[in-house]
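Printed here is data-v8.txt (compact mmCIF, C-alpha atoms and all ligand atoms):
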```txt
# COMPACT_ATOMS: atom_id res chain seq x y z
CA MET L 1 128.13 147.53 37.57
CA ASP L 2 124.44 148.37 37.84
CA ILE L 3 123.22 145.02 39.22
CA SER L 4 119.41 144.89 39.22
CA HIS L 5 118.77 141.64 41.11
CA ILE L 6 119.99 138.11 41.76
CA GLU L 7 119.15 136.39 38.49
CA HIS L 8 119.73 132.91 39.84
CA ILE L 9 121.56 130.77 42.34
CA GLY L 10 123.37 127.79 40.84
CA ILE L 11 123.32 124.58 42.84
CA ALA L 12 125.41 121.54 41.93
CA VAL L 13 123.57 118.23 42.19
CA LYS L 14 124.52 114.69 41.25
CA SER L 15 121.10 114.08 39.73
CA ILE L 16 118.30 116.45 38.79
CA ALA L 17 115.82 113.56 38.84
CA ASP L 18 116.78 112.74 42.44
CA SER L 19 116.63 116.42 43.43
CA LEU L 20 113.23 117.30 41.95
CA PRO L 21 111.13 115.80 44.78
CA TYR L 22 112.78 118.07 47.34
CA TYR L 23 112.24 121.23 45.30
CA GLU L 24 108.77 120.34 44.09
CA THR L 25 107.24 118.35 46.93
CA VAL L 26 108.92 119.90 49.95
CA LEU L 27 109.54 123.49 48.81
CA GLY L 28 106.53 123.53 46.50
CA LEU L 29 108.41 125.07 43.57
CA LYS L 30 107.64 124.10 39.99
CA CYS L 31 110.39 123.11 37.58
CA TYR L 32 109.53 125.00 34.39
CA ASN L 33 112.50 124.11 32.22
CA ILE L 34 115.15 121.42 31.87
CA GLU L 35 117.88 122.15 29.38
CA ASP L 36 121.22 120.73 28.25
CA VAL L 37 124.02 123.26 28.09
CA ALA L 38 126.53 121.38 25.94
CA ASP L 39 129.05 124.20 26.33
CA GLN L 40 129.34 123.61 30.05
CA LYS L 41 128.67 119.87 30.01
CA VAL L 42 125.69 120.22 32.32
CA LYS L 43 122.00 119.62 32.40
CA THR L 44 120.09 122.43 34.11
CA ALA L 45 116.70 122.58 35.80
CA PHE L 46 115.03 125.89 36.64
CA PHE L 47 112.60 127.02 39.33
CA LYS L 48 111.28 130.54 39.86
CA VAL L 49 111.34 132.16 43.29
CA GLY L 50 110.02 135.66 42.76
CA GLN L 51 112.22 137.21 40.08
CA THR L 52 115.12 134.99 41.11
CA LYS L 53 115.63 131.46 39.85
CA ILE L 54 117.16 128.37 41.29
CA GLU L 55 119.34 126.62 38.70
CA LEU L 56 120.18 123.00 39.43
CA LEU L 57 123.31 121.85 37.64
CA GLU L 58 123.89 118.18 36.93
CA PRO L 59 127.15 117.16 35.25
CA THR L 60 126.74 115.34 31.93
CA SER L 61 130.40 114.40 31.69
CA GLU L 62 133.12 113.42 34.15
CA ASP L 63 135.29 116.31 33.01
CA SER L 64 132.52 118.84 33.61
CA THR L 65 133.51 121.57 36.10
CA ILE L 66 130.35 120.62 38.02
CA ALA L 67 131.53 116.99 38.30
CA LYS L 68 134.85 118.23 39.69
CA PHE L 69 133.09 120.59 42.08
CA ILE L 70 130.91 117.78 43.49
CA GLU L 71 133.91 115.49 43.77
CA LYS L 72 135.82 118.07 45.81
CA ARG L 73 133.08 119.73 47.84
CA GLY L 74 129.96 117.63 47.49
CA GLU L 75 126.56 118.83 46.33
CA GLY L 76 125.59 122.38 47.25
CA VAL L 77 125.63 126.04 46.27
CA HIS L 78 127.94 126.48 43.29
CA HIS L 79 127.53 130.09 42.17
CA ILE L 80 125.48 133.23 42.43
CA ALA L 81 124.40 135.09 39.30
CA PHE L 82 123.69 138.81 39.17
CA ALA L 83 121.64 140.43 36.43
CA VAL L 84 123.39 143.34 34.72
CA PRO L 85 122.31 145.35 31.69
CA ASP L 86 125.60 144.82 29.84
CA VAL L 87 127.90 141.86 30.62
CA SER L 88 130.75 143.16 28.44
CA ALA L 89 130.76 146.50 30.22
CA ALA L 90 130.53 144.79 33.61
CA LEU L 91 133.55 142.60 32.76
CA THR L 92 135.57 145.60 31.66
CA GLU L 93 134.70 147.38 34.89
CA ALA L 94 135.51 144.34 37.06
CA GLU L 95 138.86 143.83 35.35
CA SER L 96 139.75 147.50 35.68
CA LYS L 97 139.12 147.13 39.43
CA GLY L 98 141.53 144.21 39.71
CA VAL L 99 139.12 141.27 39.54
CA GLN L 100 140.38 138.12 37.90
CA LEU L 101 138.03 137.00 35.12
CA ILE L 102 137.24 133.43 34.13
CA ASP L 103 135.58 134.66 30.93
CA LYS L 104 137.18 137.56 29.09
CA ALA L 105 134.04 137.90 26.98
CA PRO L 106 130.41 136.91 27.44
CA ARG L 107 129.33 133.47 26.25
CA ASN L 108 126.00 131.74 25.83
CA GLY L 109 124.41 130.22 28.91
CA ALA L 110 121.12 128.48 29.56
CA GLU L 111 117.88 130.25 28.61
CA GLY L 112 119.56 132.29 25.90
CA LEU L 113 121.38 134.49 28.39
CA HIS L 114 124.80 136.04 27.86
CA ILE L 115 126.93 135.08 30.81
CA ALA L 116 130.45 135.45 32.19
CA PHE L 117 132.13 134.30 35.37
CA LEU L 118 134.40 136.13 37.79
CA HIS L 119 137.07 134.08 39.53
CA PRO L 120 136.27 133.13 43.15
CA LYS L 121 139.83 134.13 44.12
CA SER L 122 138.77 137.70 43.45
CA THR L 123 135.26 137.50 44.86
CA LYS L 124 135.79 136.37 48.44
CA GLY L 125 135.30 132.73 47.59
CA VAL L 126 131.97 132.97 45.78
CA LEU L 127 131.97 131.96 42.13
CA THR L 128 130.14 134.90 40.60
CA GLU L 129 128.26 134.96 37.33
CA LEU L 130 127.08 138.05 35.52
CA CYS L 131 124.22 137.65 33.12
CA GLN L 132 122.18 139.68 30.73
CO CO E 201 124.40 130.09 36.32
```
Translate this file's structure into structure tokens.
Ligand code: CO
Amino acid sequence: MDISHIEHIGIAVKSIADSLPYYETVLGLKCYNIEDVADQKVKTAFFKVGQTKIELLEPTSEDSTIAKFIEKRGEGVHHIAFAVPDVSAALTEAESKGVQLIDKAPRNGAEGLHIAFLHPKSTKGVLTELCQ
């Protein structure tokens, strides 16, 4: 699949505002972007850690998958995102190797990336995002 690095780690939080002090004051990271992703009914906040980012995900609607995740499992790590040169090709490869896909085709994520998710049933329990 030609993964180059971990693009970001997605972390579900109830409130970005309440989470910022930990990331900024304790960890010393700087939030460089806050963005609404209407598609996924979330607000996102980004921090850079080397070439990897931390993506905080706050639900903006009760029927957001992030709201359901927090309800079931509480706040915490939600997904890991790998950078690939071609999401479509990576999806085709994953499917041909028996992986269940959440997205059959890439869609638009935060920061203008093309993204797609693999089903955690096929990825040893880790919701996996591919992005380009
Ligand atoms: Co993500």
Item checked: Among the residues L:Val87, L:Leu130, L:Ala116, L:Ala110, the one that comes closest to Asp39 (chain L) [using all atoms listed in the file] -> L:Ala110
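If you measure from each of L:Lys97, L:Lys104, L:His8, L:Lys48 to ligand CO 201 (chain E) using all atoms listed in the file, the closest one turns out to be L:His8.
Across L:Ala105, L:Leu20, L:Ile54, L:Ile66, the tightest approach to Phe117 (chain L) is made by L:Ala105 when counting all atoms listed in the file.
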Next item on the list: May I ask you to write as a list in words all residues lying at most 8 Å from ligand CO 201 (chain E), with all atoms listed in the file counted?
Entry: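 Here is the list of contacting residues: His8, Ile9, Gly10, Glu55, His79, Ile80, Ala81, Gly109, Ala110, Ile115 and Glu129 of chain L.
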Check: Of the candidates L:Tyr23, L:Phe47, L:Tyr32, L:Phe69, which one gets nearest to Leu127 (chain L) if we count all atoms listed in the file?
Finding: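 When distances to Leu127 (chain L) are compared using all atoms listed in the file, the smallest one comes from L:Phe69.
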Next item on the list: Measure the distance from CA of Ala45 (chain L) to CA of Asn33 (chain L) in Å and round it to one decimal.
Entry: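 These two atoms are separated by 5.7 Å.
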Note to self: So, with only C-alpha atoms as the atoms that count, which of L:Pro85, L:Gly112, L:Gly98, L:Gly50 lies closest to Asp36 (chain L)?
What the structure shows: L:Gly112
